[in-house]
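**Q** Below is the file entry_2.txt, with compact mmCIF, C-alpha atoms.
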# COMPACT_ATOMS: atom_id res chain seq x y z
CA MET Z 1 4.49 -39.77 -2.57
CA THR Z 2 4.41 -39.48 1.21
CA GLY Z 3 2.56 -37.24 3.67
CA THR Z 4 -0.39 -35.12 2.58
CA ARG Z 5 -0.50 -35.00 -1.19
CA HIS Z 6 -1.31 -31.72 -2.88
CA ALA Z 7 -3.30 -31.41 -6.09
CA ILE Z 8 -4.14 -28.42 -8.26
CA VAL Z 9 -7.55 -28.78 -9.90
CA THR Z 10 -9.01 -26.35 -12.44
CA GLY Z 11 -12.72 -25.90 -12.99
CA CYS Z 12 -13.39 -26.83 -9.37
CA SER Z 13 -16.55 -24.76 -8.93
CA SER Z 14 -18.89 -27.18 -10.72
CA GLY Z 15 -19.24 -30.31 -12.80
CA ILE Z 16 -16.42 -32.77 -13.28
CA GLY Z 17 -13.77 -30.51 -11.78
CA LYS Z 18 -15.75 -30.14 -8.56
CA ALA Z 19 -16.41 -33.89 -8.40
CA ILE Z 20 -12.69 -34.64 -8.80
CA ALA Z 21 -11.73 -32.08 -6.15
CA GLU Z 22 -14.25 -33.60 -3.74
CA ARG Z 23 -12.96 -37.11 -4.46
CA LEU Z 24 -9.37 -36.09 -3.80
CA LEU Z 25 -10.32 -34.35 -0.56
CA ALA Z 26 -12.13 -37.49 0.56
CA ASP Z 27 -8.98 -39.47 -0.25
CA GLY Z 28 -6.90 -37.24 2.02
CA TRP Z 29 -5.40 -34.84 -0.50
CA ALA Z 30 -5.00 -31.11 -0.02
CA VAL Z 31 -6.53 -29.37 -3.03
CA THR Z 32 -5.91 -25.95 -4.54
CA GLY Z 33 -8.81 -25.12 -6.82
CA LEU Z 34 -8.58 -22.69 -9.71
CA SER Z 35 -11.74 -21.25 -11.25
CA ARG Z 36 -13.55 -18.01 -12.01
CA SER Z 37 -16.37 -18.71 -9.55
CA GLU Z 38 -15.48 -19.11 -5.91
CA GLY Z 39 -15.83 -22.57 -4.44
CA SER Z 40 -15.72 -23.79 -0.86
CA LEU Z 41 -15.29 -27.51 -0.41
CA GLY Z 42 -14.32 -27.67 3.24
CA PRO Z 43 -11.14 -28.61 5.12
CA GLY Z 44 -8.08 -29.16 2.97
CA PHE Z 45 -9.41 -26.99 0.14
CA ARG Z 46 -8.04 -23.62 -0.97
CA TRP Z 47 -9.62 -21.61 -3.77
CA LEU Z 48 -7.82 -19.14 -6.01
CA HIS Z 49 -9.43 -17.00 -8.67
CA ALA Z 50 -8.19 -17.80 -12.17
CA ASP Z 51 -9.41 -16.81 -15.61
CA LEU Z 52 -8.65 -19.96 -17.60
CA SER Z 53 -9.29 -18.05 -20.83
CA ASP Z 54 -6.09 -16.07 -20.17
CA PRO Z 55 -3.20 -18.60 -20.06
CA ALA Z 56 -0.64 -15.92 -19.15
CA SER Z 57 -2.53 -14.90 -16.02
CA VAL Z 58 -3.07 -18.57 -15.14
CA ALA Z 59 0.68 -19.14 -15.24
CA GLU Z 60 1.22 -16.14 -12.94
CA THR Z 61 -1.29 -17.55 -10.46
CA ALA Z 62 0.25 -21.02 -10.61
CA ALA Z 63 3.69 -19.59 -9.86
CA ARG Z 64 2.43 -18.54 -6.43
CA ILE Z 65 1.12 -21.99 -5.51
CA ASP Z 66 3.16 -24.45 -3.45
CA PRO Z 67 4.59 -27.42 -5.37
CA ALA Z 68 1.92 -29.98 -6.25
CA ASP Z 69 1.96 -33.77 -6.52
CA ALA Z 70 -0.79 -33.68 -9.13
CA LEU Z 71 -2.25 -31.33 -11.72
CA VAL Z 72 -5.79 -31.85 -13.01
CA HIS Z 73 -7.05 -29.63 -15.81
CA ALA Z 74 -10.82 -30.04 -15.83
CA ALA Z 75 -11.97 -26.54 -16.77
CA GLY Z 76 -13.78 -26.35 -20.05
CA TYR Z 77 -16.83 -25.29 -22.01
CA GLN Z 78 -18.46 -26.09 -25.31
CA ARG Z 79 -19.67 -24.05 -28.27
CA THR Z 80 -21.30 -25.90 -31.16
CA ALA Z 81 -22.11 -25.08 -34.78
CA LEU Z 82 -22.22 -26.79 -38.14
CA LEU Z 83 -19.70 -26.12 -40.89
CA GLY Z 84 -20.68 -22.90 -42.61
CA GLU Z 85 -21.70 -21.33 -39.31
CA LEU Z 86 -18.44 -21.67 -37.38
CA ASP Z 87 -17.34 -18.77 -35.19
CA PRO Z 88 -13.56 -18.18 -35.12
CA GLU Z 89 -13.86 -16.56 -31.70
CA ALA Z 90 -15.49 -19.70 -30.32
CA LEU Z 91 -12.56 -21.77 -31.52
CA ALA Z 92 -10.02 -19.33 -30.08
CA GLY Z 93 -11.83 -19.24 -26.75
CA MET Z 94 -12.09 -23.01 -26.37
CA PHE Z 95 -8.49 -23.47 -27.45
CA ALA Z 96 -7.34 -20.97 -24.82
CA VAL Z 97 -9.24 -22.70 -22.00
CA HIS Z 98 -8.71 -26.31 -23.01
CA VAL Z 99 -5.20 -26.26 -24.48
CA GLY Z 100 -3.56 -22.92 -23.72
CA ALA Z 101 -4.37 -23.03 -20.01
CA ALA Z 102 -3.24 -26.67 -19.74
CA SER Z 103 0.05 -25.82 -21.40
CA ALA Z 104 0.65 -22.73 -19.25
CA LEU Z 105 -0.19 -24.55 -16.04
CA ALA Z 106 1.91 -27.61 -16.75
CA ASN Z 107 4.81 -25.45 -17.87
CA GLU Z 108 4.78 -23.71 -14.50
CA VAL Z 109 3.73 -26.54 -12.19
CA VAL Z 110 5.43 -29.69 -13.50
CA PRO Z 111 9.09 -28.56 -13.26
CA ARG Z 112 8.48 -28.07 -9.50
CA MET Z 113 6.48 -31.29 -9.16
CA PRO Z 114 8.14 -34.10 -7.18
CA ASP Z 115 9.18 -37.17 -9.12
CA GLY Z 116 6.35 -39.68 -9.24
CA GLY Z 117 3.68 -37.01 -9.68
CA ARG Z 118 0.57 -37.04 -11.83
CA VAL Z 119 -0.90 -34.95 -14.63
CA LEU Z 120 -4.49 -35.57 -15.72
CA LEU Z 121 -6.19 -33.73 -18.59
CA ILE Z 122 -9.95 -33.91 -19.00
CA GLY Z 123 -10.66 -34.51 -22.66
CA SER Z 124 -13.87 -35.65 -24.31
CA ARG Z 125 -15.26 -38.63 -26.17
CA THR Z 126 -16.10 -36.04 -28.84
CA SER Z 127 -12.40 -35.68 -29.65
CA THR Z 128 -12.81 -38.39 -32.30
CA GLY Z 129 -15.48 -36.30 -34.05
CA ALA Z 130 -19.16 -35.46 -33.72
CA ALA Z 131 -21.42 -33.51 -36.07
CA GLY Z 132 -21.75 -29.89 -35.05
CA LYS Z 133 -18.79 -30.05 -32.66
CA SER Z 134 -15.76 -29.73 -34.93
CA GLN Z 135 -14.17 -26.83 -33.06
CA TYR Z 136 -14.74 -28.36 -29.63
CA ALA Z 137 -13.50 -31.73 -30.86
CA ALA Z 138 -10.34 -30.16 -32.27
CA THR Z 139 -9.41 -28.57 -28.95
CA LYS Z 140 -10.02 -31.78 -27.02
CA ALA Z 141 -8.10 -33.86 -29.58
CA ALA Z 142 -5.15 -31.52 -29.09
CA LEU Z 143 -5.00 -32.56 -25.44
CA MET Z 144 -4.27 -36.15 -26.43
CA GLY Z 145 -1.30 -35.22 -28.59
CA MET Z 146 0.02 -32.86 -25.94
CA GLY Z 147 -0.53 -35.33 -23.13
CA ARG Z 148 1.21 -38.23 -24.88
CA THR Z 149 4.17 -35.98 -25.65
CA TRP Z 150 4.45 -34.90 -22.02
CA ALA Z 151 4.17 -38.54 -20.95
CA GLN Z 152 7.26 -39.33 -23.01
CA GLU Z 153 9.17 -36.36 -21.65
CA LEU Z 154 8.27 -37.03 -18.00
CA ALA Z 155 8.59 -40.83 -17.91
CA PRO Z 156 12.21 -40.64 -16.65
CA ARG Z 157 10.90 -38.77 -13.59
CA GLY Z 158 8.12 -41.26 -12.96
CA ILE Z 159 5.47 -38.59 -13.62
CA THR Z 160 2.43 -39.99 -15.39
CA VAL Z 161 0.30 -38.04 -17.86
CA ASN Z 162 -3.10 -39.30 -18.95
CA VAL Z 163 -6.30 -38.03 -20.55
CA LEU Z 164 -9.74 -38.88 -19.19
CA SER Z 165 -12.45 -38.44 -21.83
CA PRO Z 166 -16.06 -38.44 -20.61
CA GLY Z 167 -19.10 -38.72 -22.81
CA PRO Z 168 -22.34 -36.81 -22.06
CA THR Z 169 -22.05 -36.10 -18.35
CA ASP Z 170 -24.71 -34.82 -15.98
CA THR Z 171 -23.21 -31.37 -15.39
CA PRO Z 172 -24.41 -27.76 -15.82
CA MET Z 173 -22.52 -27.58 -19.14
CA LEU Z 174 -25.27 -29.65 -20.78
CA ALA Z 175 -27.69 -26.76 -20.21
CA ASP Z 176 -25.32 -24.10 -21.62
CA PRO Z 177 -27.14 -22.18 -24.39
CA GLY Z 178 -23.84 -22.08 -26.32
CA ARG Z 179 -24.23 -25.74 -27.17
CA ALA Z 180 -27.94 -25.62 -27.98
CA ALA Z 181 -27.26 -26.57 -31.61
CA THR Z 182 -26.33 -30.09 -30.48
CA PRO Z 183 -28.57 -31.20 -27.60
CA PRO Z 184 -27.20 -34.16 -25.61
CA LYS Z 185 -28.32 -37.67 -26.43
CA LEU Z 186 -28.65 -40.44 -23.91
CA PRO Z 187 -25.87 -43.02 -24.37
CA ALA Z 188 -26.49 -46.73 -24.84
CA LEU Z 189 -26.75 -47.43 -21.10
CA GLY Z 190 -29.76 -45.11 -20.96
CA ARG Z 191 -28.42 -42.47 -18.60
CA LEU Z 192 -25.94 -39.64 -18.56
CA VAL Z 193 -22.49 -40.23 -17.13
CA ASP Z 194 -22.30 -39.51 -13.40
CA PRO Z 195 -19.57 -36.94 -12.53
CA GLU Z 196 -18.71 -39.01 -9.47
CA ASP Z 197 -17.93 -42.00 -11.70
CA VAL Z 198 -15.51 -39.85 -13.68
CA ALA Z 199 -13.99 -38.64 -10.41
CA ALA Z 200 -13.55 -42.22 -9.16
CA LEU Z 201 -11.52 -43.14 -12.24
CA ALA Z 202 -9.55 -39.92 -11.86
CA GLY Z 203 -8.83 -40.83 -8.24
CA PHE Z 204 -7.40 -44.16 -9.33
CA LEU Z 205 -5.17 -42.63 -12.01
CA LEU Z 206 -3.92 -40.02 -9.55
CA GLY Z 207 -3.41 -42.52 -6.75
CA PRO Z 208 -0.61 -44.94 -5.93
CA HIS Z 209 -1.86 -47.65 -8.27
CA GLY Z 210 -1.80 -45.28 -11.23
CA LYS Z 211 1.98 -45.28 -11.25
CA SER Z 212 2.24 -47.74 -14.17
CA ILE Z 213 -0.27 -45.97 -16.43
CA THR Z 214 0.86 -43.12 -18.65
CA GLY Z 215 0.19 -41.70 -22.10
CA GLN Z 216 -3.30 -43.19 -22.19
CA ASN Z 217 -6.78 -41.91 -23.02
CA TYR Z 218 -9.61 -43.35 -20.95
CA VAL Z 219 -13.14 -43.02 -22.31
CA ILE Z 220 -16.04 -43.13 -19.86
CA CYS Z 221 -19.16 -42.52 -21.91
CA GLY Z 222 -22.03 -44.77 -20.85
CA GLY Z 223 -21.74 -46.57 -24.18
CA ALA Z 224 -22.05 -43.43 -26.31
CA SER Z 225 -19.06 -44.56 -28.37
CA LEU Z 226 -20.53 -47.98 -29.20
Go ahead and render the structure in this file as structure tokens.
**A**
Amino acid sequence: MTGTRHAIVTGCSSGIGKAIAERLLADGWAVTGLSRSEGSLGPGFRWLHADLSDPASVAETAARIDPADALVHAAGYQRTALLGELDPEALAGMFAVHVGAASALANEVVPRMPDGGRVLLIGSRTSTGAAGKSQYAATKAALMGMGRTWAQELAPRGITVNVLSPGPTDTPMLADPGRAATPPKLPALGRLVDPEDVAALAGFLLGPHGKSITGQNYVICGGASL
């Protein structure tokens, strides 16, 4: 990749998505951010409104964006409930945002992506299972299967596809009433994961030295998975 690299980042208005967008801008990328809430991150940043719960409209928006060297799907939210109290609409909504939007975006963006590009999906440590989070875990686990499949398909073009799976991260999502049934617990290191730490690892995977890493899931959880 030469010249100014261009990345598309979803969920750029807050949390991990915003931290990744800021990291890429600091590294000299041009960033197109997609989110429902408007964001302004300074020079090199362009914001476009996108409803990630509607994959068809996301694909239409992506079709109007210039070719990108990287796609980062960081948008997401969490609804929690124990078995016996599960809400089918919660599952459908999370699946649309986490999986449907990722699929629609990649389907539109990656065929126009230069060889040697990058795709990064933000998963979750919870994808391996956590009480009260079965529906959320299912949607995040789906990203790993999808990402590894894309990694196989895109390897001949030198395009890498990886999943980055944070544990409890210090973002506004932790205060969302929709996940009140499962309050966050401090991981073994005694503090929540810093979004900037997640962004730093994302920057490496998206950068020139990430060219030999594909089809992998990286967990950054402060020891929550110990």
**Q** Quick one, how far is CA of Ala50 in chain Z from CA of Ala90 in chain Z?
**A**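 Calculated distance between CA of Ala50 in chain Z and CA of Ala90 in chain Z is 19.7 Å.
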**Q** Give me, as a Markdown table, the closest atom pair and its distance (Å, one decimal) for every residue of range 29-106 of chain Z within a cut-off of 12 Å of range 206-222 of chain Z, counting all atoms listed in the file, rows sorted by chain and rising number.
**A**
| residue | atom | partner | partner_atom | distance |
| --- | --- | --- | --- | --- |
| Z:Trp29 | CA | Z:Gly207 | CA | 10.1 |
| Z:Asp69 | CA | Z:Leu206 | CA | 9.1 |
| Z:Ala70 | CA | Z:Leu206 | CA | 7.1 |
| Z:Leu71 | CA | Z:Leu206 | CA | 9.1 |
| Z:Val72 | CA | Z:Leu206 | CA | 9.1 |
**Q** Just the number, please: distance in Å from CA of Ile20 in chain Z to CA of Ala74 in chain Z, one decimal.
**A**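 These two atoms are separated by 8.6 Å.
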**Q** By how many Å are CA of Asp51 in chain Z and CA of Leu192 in chain Z apart?
**A**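 Rounded to one decimal, the two atoms are 28.3 Å apart.
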**Q** Return the single residue from Z:Thr169, Z:Thr149, Z:Ser40, Z:Thr32 that is closest to Leu186 in chain Z, with distances computed using only C-alpha atoms.
**A**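 Closest to Leu186 in chain Z of all the choices is Z:Thr169.
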**Q** With distances taken over all atoms listed in the file, which residue among Z:Leu86, Z:Ala59, Z:Ala68, Z:Ala224 lies nearest Val31 in chain Z?
**A**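 For Val31 in chain Z, the nearest of the candidates is Z:Ala68.
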**Q** So that I can see what lies close to Ser127 in chain Z, please list as a list in words the residues with an atom at most 8 Å from it, counting all atoms listed in the file and leaving out residues fewer than 4 positions away in the same chain.
**A** Gly123, Tyr136, Ala137, Ala138, Thr139, Lys140 and Ala141 of chain Z
**Q** Kindly provide, as lines of an AutoDock Vina configuration file, the centre and edge lengths (Å, one decimal) of an axis-aligned box around all atoms of range 70-79 of chain Z given in the file, with 6 Å on each side.
**A**
center_x = -10.2
center_y = -28.9
center_z = -18.7
size_x = 30.9
size_y = 21.6
size_z = 31.1
**Q** Kindly indicate which residue among Z:Leu41, Z:Ala62, Z:Leu164, Z:Met146 lies nearest to Val109 in chain Z, using all atoms listed in the file for the distances.
**A**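 Nearest to Val109 in chain Z: Z:Ala62.
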**Q** Please check which residues have atoms at most 12 Å from (-12.3, -32.7, -5.2) in the file's coordinates, counting all atoms listed in the file, and write them as JSON, numbers by chain.
**A** {"Z": [6, 7, 8, 9, 10, 11, 12, 13, 14, 15, 16, 17, 18, 19, 20, 21, 22, 23, 24, 25, 26, 27, 28, 29, 30, 31, 32, 33, 34, 39, 40, 41, 42, 43, 44, 45, 46, 47, 72, 74, 195, 196, 198, 199, 200, 202, 203, 206]}
